[in-house]
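Text of protein-v2.cif, listed as mmCIF, C-alpha atoms, pLDDT in the B column; chains and numbers go by the auth columns:
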data_work
loop_
_atom_site.group_PDB
_atom_site.id
_atom_site.type_symbol
_atom_site.label_atom_id
_atom_site.label_comp_id
_atom_site.label_asym_id
_atom_site.label_seq_id
_atom_site.Cartn_x
_atom_site.Cartn_y
_atom_site.Cartn_z
_atom_site.B_iso_or_equiv
_atom_site.auth_seq_id
_atom_site.auth_asym_id
ATOM 1 C CA MET A 1 -25.052 18.223 -52.039 61.00 1 A
ATOM 2 C CA LYS A 2 -25.093 15.979 -48.992 79.00 2 A
ATOM 3 C CA SER A 3 -24.971 17.404 -45.491 81.00 3 A
ATOM 4 C CA PRO A 4 -21.747 17.015 -43.466 80.00 4 A
ATOM 5 C CA LEU A 5 -23.640 14.832 -40.993 79.00 5 A
ATOM 6 C CA SER A 6 -24.852 12.405 -43.658 85.00 6 A
ATOM 7 C CA ILE A 7 -21.323 12.224 -45.126 85.00 7 A
ATOM 8 C CA PHE A 8 -19.967 11.426 -41.654 85.00 8 A
ATOM 9 C CA ILE A 9 -22.588 8.716 -41.121 85.00 9 A
ATOM 10 C CA LEU A 10 -21.921 7.141 -44.540 90.00 10 A
ATOM 11 C CA LYS A 11 -18.159 7.158 -43.941 88.00 11 A
ATOM 12 C CA ALA A 12 -18.559 5.682 -40.464 86.00 12 A
ATOM 13 C CA ILE A 13 -20.896 2.918 -41.641 89.00 13 A
ATOM 14 C CA SER A 14 -18.604 2.131 -44.588 91.00 14 A
ATOM 15 C CA PHE A 15 -15.563 1.919 -42.318 88.00 15 A
ATOM 16 C CA PHE A 16 -17.356 -0.345 -39.843 87.00 16 A
ATOM 17 C CA VAL A 17 -18.542 -2.681 -42.602 89.00 17 A
ATOM 18 C CA VAL A 18 -15.003 -2.934 -43.993 89.00 18 A
ATOM 19 C CA TRP A 19 -13.534 -3.324 -40.472 85.00 19 A
ATOM 20 C CA TYR A 20 -16.112 -6.008 -39.617 84.00 20 A
ATOM 21 C CA ILE A 21 -15.325 -7.974 -42.783 86.00 21 A
ATOM 22 C CA ILE A 22 -11.553 -7.719 -42.287 85.00 22 A
ATOM 23 C CA TYR A 23 -11.718 -8.583 -38.595 80.00 23 A
ATOM 24 C CA GLU A 24 -14.389 -11.308 -38.649 81.00 24 A
ATOM 25 C CA MET A 25 -13.296 -12.973 -41.902 84.00 25 A
ATOM 26 C CA TRP A 26 -9.512 -12.685 -41.671 83.00 26 A
ATOM 27 C CA LEU A 27 -8.001 -11.400 -38.415 76.00 27 A
ATOM 28 C CA LEU A 28 -10.218 -13.259 -35.922 76.00 28 A
ATOM 29 C CA PRO A 29 -10.011 -16.689 -37.613 74.00 29 A
ATOM 30 C CA ASP A 30 -6.231 -16.292 -38.008 78.00 30 A
ATOM 31 C CA GLY A 31 -6.012 -15.372 -34.327 73.00 31 A
ATOM 32 C CA SER A 32 -2.396 -14.237 -34.325 82.00 32 A
ATOM 33 C CA MET A 33 -3.143 -10.538 -33.803 85.00 33 A
ATOM 34 C CA ASP A 34 -5.641 -11.217 -31.001 87.00 34 A
ATOM 35 C CA GLU A 35 -3.288 -13.680 -29.334 92.00 35 A
ATOM 36 C CA TRP A 36 -0.321 -11.315 -29.567 93.00 36 A
ATOM 37 C CA LEU A 37 -2.299 -8.401 -28.132 94.00 37 A
ATOM 38 C CA SER A 38 -3.842 -10.492 -25.346 94.00 38 A
ATOM 39 C CA LEU A 39 -0.456 -11.901 -24.307 96.00 39 A
ATOM 40 C CA ASN A 40 1.085 -8.440 -24.474 96.00 40 A
ATOM 41 C CA ILE A 41 -1.646 -7.042 -22.221 96.00 41 A
ATOM 42 C CA ILE A 42 -1.146 -9.936 -19.799 97.00 42 A
ATOM 43 C CA GLY A 43 2.620 -9.377 -19.714 97.00 43 A
ATOM 44 C CA ASN A 44 2.276 -5.670 -18.966 97.00 44 A
ATOM 45 C CA SER A 45 -0.515 -6.254 -16.447 98.00 45 A
ATOM 46 C CA ALA A 46 1.670 -8.844 -14.705 98.00 46 A
ATOM 47 C CA GLY A 47 4.474 -6.296 -14.404 98.00 47 A
ATOM 48 C CA ILE A 48 2.153 -3.753 -12.804 98.00 48 A
ATOM 49 C CA LEU A 49 0.665 -6.307 -10.414 98.00 49 A
ATOM 50 C CA LYS A 50 4.144 -7.497 -9.377 98.00 50 A
ATOM 51 C CA SER A 51 5.157 -3.900 -8.700 98.00 51 A
ATOM 52 C CA PHE A 52 2.187 -3.705 -6.275 96.00 52 A
ATOM 53 C CA GLY A 53 3.581 -6.754 -4.468 96.00 53 A
ATOM 54 C CA TYR A 54 1.093 -9.338 -5.696 97.00 54 A
ATOM 55 C CA GLU A 55 2.292 -12.866 -6.407 97.00 55 A
ATOM 56 C CA ILE A 56 0.825 -13.494 -9.828 97.00 56 A
ATOM 57 C CA PHE A 57 0.617 -16.306 -12.314 97.00 57 A
ATOM 58 C CA THR A 58 0.065 -16.296 -16.054 97.00 58 A
ATOM 59 C CA TYR A 59 -0.918 -19.195 -18.250 96.00 59 A
ATOM 60 C CA ASN A 60 -1.644 -18.561 -21.920 93.00 60 A
ATOM 61 C CA ARG A 61 -4.311 -15.823 -21.841 95.00 61 A
ATOM 62 C CA VAL A 62 -5.029 -16.103 -18.118 97.00 62 A
ATOM 63 C CA ILE A 63 -3.558 -13.825 -15.467 98.00 63 A
ATOM 64 C CA GLY A 64 -4.292 -13.993 -11.789 97.00 64 A
ATOM 65 C CA ILE A 65 -3.106 -13.771 -8.244 97.00 65 A
ATOM 66 C CA TYR A 66 -2.191 -17.108 -6.661 95.00 66 A
ATOM 67 C CA GLY A 67 -5.154 -18.685 -4.898 93.00 67 A
ATOM 68 C CA MET A 68 -7.696 -17.310 -7.376 94.00 68 A
ATOM 69 C CA PRO A 69 -8.840 -18.640 -10.772 94.00 69 A
ATOM 70 C CA GLY A 70 -7.575 -15.601 -12.676 96.00 70 A
ATOM 71 C CA VAL A 71 -8.905 -13.479 -15.506 96.00 71 A
ATOM 72 C CA GLU A 72 -8.830 -14.639 -19.121 95.00 72 A
ATOM 73 C CA VAL A 73 -8.170 -12.009 -21.772 95.00 73 A
ATOM 74 C CA VAL A 74 -10.312 -13.344 -24.612 90.00 74 A
ATOM 75 C CA ASP A 75 -10.590 -11.852 -28.086 83.00 75 A
ATOM 76 C CA GLY A 76 -13.478 -9.575 -27.122 77.00 76 A
ATOM 77 C CA CYS A 77 -11.572 -8.157 -24.150 84.00 77 A
ATOM 78 C CA ASN A 78 -8.239 -7.272 -25.708 88.00 78 A
ATOM 79 C CA GLY A 79 -9.410 -3.984 -27.189 87.00 79 A
ATOM 80 C CA ILE A 80 -9.045 -4.646 -30.928 87.00 80 A
ATOM 81 C CA ALA A 81 -12.745 -4.057 -31.592 83.00 81 A
ATOM 82 C CA ALA A 82 -12.684 -0.870 -29.507 85.00 82 A
ATOM 83 C CA ILE A 83 -9.603 0.380 -31.330 88.00 83 A
ATOM 84 C CA GLY A 84 -11.377 -0.262 -34.635 86.00 84 A
ATOM 85 C CA LEU A 85 -14.400 1.679 -33.381 85.00 85 A
ATOM 86 C CA PHE A 86 -12.229 4.613 -32.300 89.00 86 A
ATOM 87 C CA ILE A 87 -10.206 4.765 -35.521 90.00 87 A
ATOM 88 C CA GLY A 88 -13.394 4.473 -37.571 88.00 88 A
ATOM 89 C CA PHE A 89 -14.837 7.576 -35.935 88.00 89 A
ATOM 90 C CA ILE A 90 -11.573 9.474 -36.423 91.00 90 A
ATOM 91 C CA ILE A 91 -11.407 8.516 -40.105 89.00 91 A
ATOM 92 C CA ALA A 92 -15.071 9.347 -40.699 88.00 92 A
ATOM 93 C CA TYR A 93 -14.903 12.784 -39.108 88.00 93 A
ATOM 94 C CA PRO A 94 -13.279 15.602 -41.092 85.00 94 A
ATOM 95 C CA GLY A 95 -9.742 16.626 -40.329 84.00 95 A
ATOM 96 C CA ASP A 96 -6.248 16.887 -41.711 89.00 96 A
ATOM 97 C CA TRP A 97 -4.794 13.435 -42.498 90.00 97 A
ATOM 98 C CA LYS A 98 -1.482 14.096 -40.763 92.00 98 A
ATOM 99 C CA THR A 99 -3.291 15.178 -37.609 91.00 99 A
ATOM 100 C CA ARG A 100 -5.738 12.298 -37.992 91.00 100 A
ATOM 101 C CA VAL A 101 -2.926 9.731 -38.098 93.00 101 A
ATOM 102 C CA SER A 102 -1.152 11.333 -35.130 94.00 102 A
ATOM 103 C CA PHE A 103 -4.325 11.501 -33.046 94.00 103 A
ATOM 104 C CA SER A 104 -5.239 7.913 -33.994 94.00 104 A
ATOM 105 C CA PHE A 105 -1.829 6.723 -32.815 95.00 105 A
ATOM 106 C CA ILE A 106 -2.113 8.627 -29.535 95.00 106 A
ATOM 107 C CA GLY A 107 -5.662 7.330 -29.034 94.00 107 A
ATOM 108 C CA LEU A 108 -4.611 3.775 -29.830 94.00 108 A
ATOM 109 C CA CYS A 109 -1.834 4.000 -27.204 95.00 109 A
ATOM 110 C CA LEU A 110 -4.216 5.437 -24.595 95.00 110 A
ATOM 111 C CA ILE A 111 -6.849 2.766 -25.294 93.00 111 A
ATOM 112 C CA TYR A 112 -4.160 0.098 -24.947 95.00 112 A
ATOM 113 C CA LEU A 113 -2.987 1.555 -21.605 95.00 113 A
ATOM 114 C CA ILE A 114 -6.546 1.890 -20.315 94.00 114 A
ATOM 115 C CA ASN A 115 -7.183 -1.739 -21.209 94.00 115 A
ATOM 116 C CA ILE A 116 -4.072 -2.817 -19.289 96.00 116 A
ATOM 117 C CA LEU A 117 -5.331 -0.873 -16.260 95.00 117 A
ATOM 118 C CA ARG A 118 -8.751 -2.467 -16.751 94.00 118 A
ATOM 119 C CA ILE A 119 -7.212 -5.946 -16.551 96.00 119 A
ATOM 120 C CA VAL A 120 -5.137 -4.975 -13.492 97.00 120 A
ATOM 121 C CA VAL A 121 -8.265 -3.680 -11.735 96.00 121 A
ATOM 122 C CA LEU A 122 -10.180 -6.862 -12.582 96.00 122 A
ATOM 123 C CA VAL A 123 -7.410 -9.126 -11.276 97.00 123 A
ATOM 124 C CA ILE A 124 -7.178 -7.139 -8.036 97.00 124 A
ATOM 125 C CA THR A 125 -10.976 -7.049 -7.718 97.00 125 A
ATOM 126 C CA GLU A 126 -11.100 -10.835 -8.027 96.00 126 A
ATOM 127 C CA VAL A 127 -8.982 -11.071 -4.845 95.00 127 A
ATOM 128 C CA GLU A 128 -9.946 -8.000 -2.840 95.00 128 A
ATOM 129 C CA SER A 129 -13.690 -7.887 -3.549 95.00 129 A
ATOM 130 C CA PRO A 130 -14.861 -11.082 -5.277 95.00 130 A
ATOM 131 C CA ALA A 131 -18.547 -10.216 -4.799 95.00 131 A
ATOM 132 C CA PHE A 132 -17.980 -7.065 -6.871 95.00 132 A
ATOM 133 C CA PHE A 133 -16.051 -8.849 -9.664 95.00 133 A
ATOM 134 C CA ASN A 134 -18.967 -9.581 -12.023 94.00 134 A
ATOM 135 C CA PHE A 135 -20.255 -6.024 -11.746 94.00 135 A
ATOM 136 C CA ALA A 136 -16.732 -4.644 -12.293 93.00 136 A
ATOM 137 C CA HIS A 137 -16.211 -6.872 -15.318 91.00 137 A
ATOM 138 C CA ASP A 138 -19.610 -6.521 -16.942 90.00 138 A
ATOM 139 C CA TYR A 139 -20.331 -2.867 -16.215 91.00 139 A
ATOM 140 C CA ALA A 140 -17.857 -0.675 -14.338 90.00 140 A
ATOM 141 C CA THR A 141 -14.580 -1.268 -16.151 86.00 141 A
ATOM 142 C CA THR A 142 -16.319 -1.685 -19.503 85.00 142 A
ATOM 143 C CA ALA A 143 -18.169 1.614 -19.064 90.00 143 A
ATOM 144 C CA ILE A 144 -14.970 3.419 -18.085 88.00 144 A
ATOM 145 C CA PHE A 145 -13.220 1.907 -21.100 83.00 145 A
ATOM 146 C CA TYR A 146 -15.882 3.093 -23.554 86.00 146 A
ATOM 147 C CA PHE A 147 -16.285 6.485 -21.847 92.00 147 A
ATOM 148 C CA ALA A 148 -12.553 7.000 -22.376 90.00 148 A
ATOM 149 C CA ILE A 149 -12.935 6.164 -26.072 88.00 149 A
ATOM 150 C CA PHE A 150 -15.900 8.517 -26.329 90.00 150 A
ATOM 151 C CA GLY A 151 -13.888 11.224 -24.537 93.00 151 A
ATOM 152 C CA LEU A 152 -11.010 10.832 -26.993 92.00 152 A
ATOM 153 C CA TRP A 153 -13.403 11.079 -29.897 87.00 153 A
ATOM 154 C CA MET A 154 -14.994 14.210 -28.395 90.00 154 A
ATOM 155 C CA ILE A 155 -11.524 15.771 -28.146 92.00 155 A
ATOM 156 C CA TRP A 156 -11.097 14.998 -31.852 90.00 156 A
ATOM 157 C CA VAL A 157 -14.495 16.449 -32.747 88.00 157 A
ATOM 158 C CA ASN A 158 -13.932 19.625 -30.732 89.00 158 A
ATOM 159 C CA SER A 159 -10.470 20.154 -32.196 87.00 159 A
ATOM 160 C CA ASN A 160 -11.921 19.834 -35.709 81.00 160 A
ATOM 161 C CA GLU A 161 -15.255 21.563 -35.216 67.00 161 A
ATOM 162 C CA MET A 162 -14.386 24.541 -37.433 47.00 162 A
ATOM 163 C CA LYS A 163 -13.236 22.285 -40.235 50.00 163 A
ATOM 164 C CA PHE A 164 -16.494 20.315 -40.042 47.00 164 A
ATOM 165 C CA SER A 165 -18.650 23.417 -40.218 50.00 165 A
ATOM 166 C CA ASN A 166 -16.617 24.872 -43.085 47.00 166 A
ATOM 167 C CA ASP A 167 -16.763 21.753 -45.291 46.00 167 A
#
Taking this structure as input, can you express it in the form of structure tokens?
Amino acid sequence: MKSPLSIFILKAISFFVVWYIIYEMWLLPDGSMDEWLSLNIIGNSAGILKSFGYEIFTYNRVIGIYGMPGVEVVDGCNGIAAIGLFIGFIIAYPGDWKTRVSFSFIGLCLIYLINILRIVVLVITEVESPAFFNFAHDYATTAIFYFAIFGLWMIWVNSNEMKFSND
């Protein structure tokens, strides 16, 4: 009999291999899902920035404040890979399927909202503190984004700890 930890690891690796194949071989080359999500994030980010009084522009996958080059929401920055990572951990870890689906949906929505806020912060940083932009893009907002995903997964693990130890 395999240990619960080794079962979790095998499930997680299997999910990530399947996700990688589906995303890299089908979804990414097709581009429609990435484009839709990126444009959706830009549209919602634009609404938030306008509500703060900024005069913004959008062009395809670029959003910015007039007078600045803007921020491009490329495939790697729209959150699809992170959502796949999150859902993979939820699927791999024991739990009731109904609860798993509900928590995945809630997590997906939170990751989406956090990514919108991430883009808003980057656009504002480009104007208000341009010297800090590269650090904010490469480290600060990315770290916050992945810490949030890790935090969601820890909530899942802690809410299912008994089930894991009883399997």
Please report as a Markdown table every residue of segment 72-106 of chain A lying within 9 Å of segment 6-16 of chain A, along with the nearest atom pair and their distance in Å (one decimal), using only C-alpha atoms.
| residue | atom | partner | partner_atom | distance |
| --- | --- | --- | --- | --- |
| A:Gly84 | CA | A:Phe16 | CA | 7.9 |
| A:Leu85 | CA | A:Phe16 | CA | 7.4 |
| A:Gly88 | CA | A:Phe15 | CA | 5.8 |
| A:Phe89 | CA | A:Ala12 | CA | 6.2 |
| A:Ile90 | CA | A:Ala12 | CA | 8.9 |
| A:Ile91 | CA | A:Ala12 | CA | 7.7 |
| A:Ala92 | CA | A:Lys11 | CA | 5.0 |
| A:Tyr93 | CA | A:Phe8 | CA | 5.8 |
| A:Pro94 | CA | A:Phe8 | CA | 7.9 |
> Which value, in Å to one decimal, gives the distance between atom CA of Leu113 of chain A and atom CA of Phe52 of chain A?
Replying inline: 17.0 Å
>> If we count all atoms listed in the file and set the cut-off at 12 Å, which residues sit around Lys50 of chain A, ignoring sequence neighbours fewer than 4 positions away in its own chain? Please answer as a PyMOL selection string.
In response: chain A and resi 42-46+54-58+63-66+120+123-124
> How far is it from atom CA of Ile87 of chain A to atom CA of Leu110 of chain A, in Å with one decimal?
Replying inline: 12.5 Å
> If the PyMOL selection byres ((chain A and resi 147-158) around 9) is run on the structure shown, which residues does it catch, given as an NGL selection string?
Replying inline: :A and (82-83 or 85-86 or 89-90 or 93-95 or 100 or 103 or 107 or 110-111 or 114 or 142-146 or 159-162 or 164)
>> For a test of reading the model, state the distance in Å between atom CA of Cys77 of chain A and atom CA of Asp34 of chain A, rounded to one decimal.
In response: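 Atom-to-atom, atom CA of Cys77 of chain A and atom CA of Asp34 of chain A are spaced 9.6 Å apart.
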> With only C-alpha atoms as the basis for distance, which of A:Leu49, A:Leu108, A:Val74, A:Val17 is at the shortest distance from Trp36 of chain A?
Replying inline: A:Val74
> Looking at A:Leu5, A:Ile106, A:Asp75, A:Phe132, which one is nearest to Asp30 of chain A, with distances taken over only C-alpha atoms?
Replying inline: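 Answer, going by the shortest atom-to-atom distance: A:Asp75.
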> With only C-alpha atoms as the atoms that count, which of A:Asn40, A:Ile80, A:Ala136, A:Glu128 lies nearest to Glu24 of chain A?
Replying inline: A:Ile80
>> What would the selection look like, as a PyMOL selection string, if the PyMOL selection byres ((chain A and resi 60) around 10) were run on the coordinates I just shared?
In response: chain A and resi 35+38-39+42+58-59+61-63+72-73
Can you tell me, as lines of an AutoDock Vina configuration file, the centre and edge lengths (Å, one decimal) of the axis-aligned box enclosing all of segment 89-93 of chain A's listed atoms after padding each side by 6 Å?
center_x = -13.2
center_y = 10.2
center_z = -38.3
size_x = 15.7
size_y = 17.2
size_z = 16.8
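Between Gly76 of chain A and the residues A:Val121, A:Leu28, A:Tyr112, A:Ile22, the shortest atom-to-atom distance, using only C-alpha atoms, involves A:Leu28.
Using only C-alpha atoms, the nearest neighbour of Gly67 of chain A within the list A:Trp26, A:Tyr139, A:Asn134, A:Glu126 is A:Glu126.
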> For Asn78 of chain A, which residue among A:Leu117, A:Ile41, A:Cys109, A:Met25 is the nearest when counting only C-alpha atoms?
Replying inline: A:Ile41
Some atoms are missing, so please complete segment 64-93 of chain A with N, CA and C atoms and return it as a short mmCIF file (atom, residue, chain, number, x, y, z; two decimals), keeping the file's coordinate frame.
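The result, stored in selection_8.cif:
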data_model
loop_
_atom_site.label_atom_id
_atom_site.label_comp_id
_atom_site.auth_asym_id
_atom_site.auth_seq_id
_atom_site.Cartn_x
_atom_site.Cartn_y
_atom_site.Cartn_z
N GLY A 64 -3.62 -14.03 -13.07
CA GLY A 64 -4.29 -13.99 -11.79
C GLY A 64 -3.31 -13.91 -10.64
N ILE A 65 -3.87 -13.77 -9.48
CA ILE A 65 -3.11 -13.77 -8.24
C ILE A 65 -3.27 -15.17 -7.65
N TYR A 66 -2.15 -15.74 -7.19
CA TYR A 66 -2.19 -17.11 -6.66
C TYR A 66 -3.32 -17.27 -5.65
N GLY A 67 -4.02 -18.39 -5.77
CA GLY A 67 -5.15 -18.68 -4.90
C GLY A 67 -6.50 -18.35 -5.53
N MET A 68 -6.46 -17.68 -6.68
CA MET A 68 -7.70 -17.31 -7.38
C MET A 68 -7.66 -17.91 -8.79
N PRO A 69 -8.82 -18.04 -9.44
CA PRO A 69 -8.84 -18.64 -10.77
C PRO A 69 -8.16 -17.79 -11.85
N GLY A 70 -8.18 -16.48 -11.68
CA GLY A 70 -7.58 -15.60 -12.68
C GLY A 70 -8.59 -15.04 -13.65
N VAL A 71 -8.10 -14.16 -14.50
CA VAL A 71 -8.90 -13.48 -15.51
C VAL A 71 -8.36 -13.87 -16.88
N GLU A 72 -9.24 -14.28 -17.77
CA GLU A 72 -8.83 -14.64 -19.12
C GLU A 72 -9.06 -13.46 -20.05
N VAL A 73 -8.05 -13.10 -20.80
CA VAL A 73 -8.17 -12.01 -21.77
C VAL A 73 -8.53 -12.64 -23.12
N VAL A 74 -9.82 -12.74 -23.37
CA VAL A 74 -10.31 -13.34 -24.61
C VAL A 74 -10.32 -12.29 -25.72
N ASP A 75 -10.62 -12.74 -26.93
CA ASP A 75 -10.59 -11.85 -28.09
C ASP A 75 -11.45 -10.60 -27.90
N GLY A 76 -12.61 -10.72 -27.31
CA GLY A 76 -13.48 -9.57 -27.12
C GLY A 76 -13.02 -8.60 -26.05
N CYS A 77 -12.03 -9.00 -25.26
CA CYS A 77 -11.57 -8.16 -24.15
C CYS A 77 -10.19 -7.56 -24.36
N ASN A 78 -9.60 -7.78 -25.51
CA ASN A 78 -8.24 -7.27 -25.71
C ASN A 78 -8.20 -5.89 -26.35
N GLY A 79 -9.33 -5.36 -26.72
CA GLY A 79 -9.41 -3.98 -27.19
C GLY A 79 -9.35 -3.78 -28.69
N ILE A 80 -9.15 -4.84 -29.48
CA ILE A 80 -9.04 -4.65 -30.93
C ILE A 80 -10.33 -4.06 -31.49
N ALA A 81 -11.47 -4.58 -31.07
CA ALA A 81 -12.74 -4.06 -31.59
C ALA A 81 -12.93 -2.59 -31.20
N ALA A 82 -12.57 -2.26 -29.98
CA ALA A 82 -12.68 -0.87 -29.51
C ALA A 82 -11.75 0.05 -30.27
N ILE A 83 -10.55 -0.41 -30.55
CA ILE A 83 -9.60 0.38 -31.33
C ILE A 83 -10.15 0.62 -32.73
N GLY A 84 -10.75 -0.42 -33.32
CA GLY A 84 -11.38 -0.26 -34.64
C GLY A 84 -12.50 0.75 -34.60
N LEU A 85 -13.31 0.71 -33.55
CA LEU A 85 -14.40 1.68 -33.38
C LEU A 85 -13.85 3.10 -33.31
N PHE A 86 -12.84 3.30 -32.47
CA PHE A 86 -12.23 4.61 -32.30
C PHE A 86 -11.65 5.14 -33.62
N ILE A 87 -10.85 4.33 -34.27
CA ILE A 87 -10.21 4.76 -35.52
C ILE A 87 -11.25 5.03 -36.61
N GLY A 88 -12.32 4.23 -36.60
CA GLY A 88 -13.39 4.47 -37.57
C GLY A 88 -14.02 5.84 -37.40
N PHE A 89 -14.27 6.25 -36.18
CA PHE A 89 -14.84 7.58 -35.94
C PHE A 89 -13.85 8.68 -36.33
N ILE A 90 -12.57 8.46 -36.07
CA ILE A 90 -11.57 9.47 -36.42
C ILE A 90 -11.48 9.61 -37.94
N ILE A 91 -11.49 8.49 -38.64
CA ILE A 91 -11.41 8.52 -40.10
C ILE A 91 -12.66 9.15 -40.71
N ALA A 92 -13.82 8.85 -40.13
CA ALA A 92 -15.07 9.35 -40.70
C ALA A 92 -15.27 10.84 -40.48
N TYR A 93 -14.69 11.38 -39.42
CA TYR A 93 -14.90 12.78 -39.11
C TYR A 93 -13.85 13.64 -39.81
#
